[in-house]
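Below is one structure, written out as structure tokens, with a few remarks after it.
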Amino acid sequence: MAFGSWIVAVGDELLSGHTADSNSHFLAGRLRDTPYPVARIVVVPDREEEIIEQLRSAEEHGAARVFCCGGLGPTPDDRTFSAVAAHFGVPLVEHGPTIERIRERVADLHRRGRLPSPEPNPGNRKMALVPKGAVVLPNPVGSAPPVAMPLAGEAGERWLLVLPGVPTELRPIVDQVVLPTYCAGGSALAWAEQRYTGAAESQFFPLLTELANTYPEVSFGSYPQAVPGELVIRACSPFSDRLELAMARLREAAPPR
């Protein structure tokens with residue numbers, strides 16, 4: 001059965017450390033309370049073969065949603081759509097509404113003296129090329145068209161979502177389009193946490209070992225906070241009743257203080 005999401009973040013700038021991968025952090029937080037919490041995050045360079053490799057791997061591992069972020073811009077290093085087209089064995093085709101929107105934007109920038117010509121240049125036109133058969137989604141902020149493509153499986157069960165890498169474009173697309181259309185249906189996991197002050201993380205080793213053995217369907221983690229001595233024990237499970245029992249045992253054996 002398909003489960004969870006993979007995020008494939010594309011960009012040499014992410015690997016070089018010039019740009020922080022804030023998109024993956026944002027997506028993981030948004031997807032946490034959906035049926036498709038993030039199972040894996042991978043960062044790849046702007047190379048077609050490496051993008052294709054991760055898309056193939058995500059499909060083979062049964063990811064229900066695959067988010068491919070970045071590489072949709074107007075320059076030669078933006079290769080995500082060509083990689084996606086190659087992965088599906090389809091050509092790139094010009095999307096009429098997108099090129100018209102780009103044409104309007106270029107003309108407006110020309111009127112304001114920011115571009116020398118009112119006509120889209122080759123880089124502008126490149127952004128309107130999408131894999132054939134893709135569902136083109138709205139981008140309320142920028143020019144790059146996000147798309148959705150069905151993955152192998154039952155119709156509508158698994159989707160690839162290809163999104164712009166610019167955070168100010170990606171975030172409204174996710175909130176306004178992707179989550180309500182492709183990620184609705186409640187949460188797959190229940191979450192709970194307990195906060196402690198004046199607690200050493202190491203003192204929880206025996207108790208967390210006991211909980212892991214007694215409640216194997218519950219995942220526990222301990223997270224020291226920025227303030228010295230503050231600690232969060234966080235747990236999640238697809239079974240809310242088991243989560244409640246495990247948290248009750250945690251609070252019984254280590255009362256919060």
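Labels used: A, B, ... for chains in the order of the structure tokens, numbers from 1 for residues in each chain, and numbers from 1 for ligands as shown.
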May I have the residues within 12 Å of Leu27 of chain A as a count of residues only, using only C-alpha atoms and disregarding those fewer than 3 positions away in the same chain? 38
Residue neighbourhood Arg195 of chain A, 10 Å, only C-alpha atoms, exclusion window fewer than 2 positions, as a list in words: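 Here the answer would be Glu193, Thr197, Ala199, Ser222, Tyr223, Pro224, Gln225, Glu230, Leu231, Val232, Ile233, Arg234, Pro255, Pro256 and Arg257 of chain A.
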What's the separation between atom CA of Thr209 of chain A and atom CA of Ser240 of chain A, in Å to one decimal place?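 Atom-to-atom, atom CA of Thr209 of chain A and atom CA of Ser240 of chain A are spaced 20.0 Å apart.
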How many Å separate atom CA of Leu151 of chain A from atom CA of Glu59 of chain A?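 A separation of 7.3 Å between them.
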Can you tell me, as a PyMOL selection string, what residues are no more than 10 Å from Asn139 of chain A when counting only C-alpha atoms, ignoring any on the same chain fewer than 2 positions away? chain A and resi 98+136-137+141-147+163-164+169-170+172-174+176-177
According to DSSP computed on the backbone, where in segment 46-139 of chain A is there strand (DSSP E or B)? Give the residues as a ChimeraX atom specification. /A:65-69,92-94,129-131,135-136
Now that the selection is made, can you save its residues with N, CA and C atoms as a compact mmCIF listing (two decimals), in the first residue's frame?
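Everything below was put into again33.txt:
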```txt
# COMPACT_ATOMS: atom_id res chain seq x y z
N ARG A 65 3.10 10.23 -2.24
CA ARG A 65 3.27 11.58 -2.77
C ARG A 65 4.77 11.84 -2.88
N VAL A 66 5.17 12.36 -4.04
CA VAL A 66 6.57 12.74 -4.25
C VAL A 66 6.60 14.21 -4.59
N PHE A 67 7.31 14.98 -3.79
CA PHE A 67 7.43 16.43 -4.01
C PHE A 67 8.82 16.71 -4.56
N CYS A 68 8.87 17.21 -5.77
CA CYS A 68 10.14 17.58 -6.41
C CYS A 68 10.18 19.10 -6.46
N CYS A 69 11.12 19.70 -5.75
CA CYS A 69 11.12 21.15 -5.53
C CYS A 69 12.36 21.79 -6.15
N LEU A 92 8.38 17.43 -23.74
CA LEU A 92 7.98 18.71 -23.16
C LEU A 92 7.13 19.44 -24.18
N VAL A 93 6.03 20.03 -23.73
CA VAL A 93 5.14 20.78 -24.63
C VAL A 93 4.85 22.14 -24.01
N GLU A 94 4.61 23.11 -24.86
CA GLU A 94 4.30 24.45 -24.37
C GLU A 94 2.86 24.48 -23.84
N LEU A 129 7.36 25.29 -20.83
CA LEU A 129 7.45 23.93 -21.33
C LEU A 129 7.24 22.95 -20.17
N VAL A 130 6.21 22.13 -20.26
CA VAL A 130 5.89 21.18 -19.19
C VAL A 130 5.79 19.78 -19.78
N PRO A 131 5.97 18.75 -18.93
CA PRO A 131 5.83 17.38 -19.45
C PRO A 131 4.42 17.13 -19.98
N VAL A 135 -0.84 17.81 -15.11
CA VAL A 135 -1.89 18.72 -14.66
C VAL A 135 -1.19 19.99 -14.18
N VAL A 136 -1.39 21.09 -14.89
CA VAL A 136 -0.73 22.34 -14.53
C VAL A 136 -1.54 23.04 -13.44
```
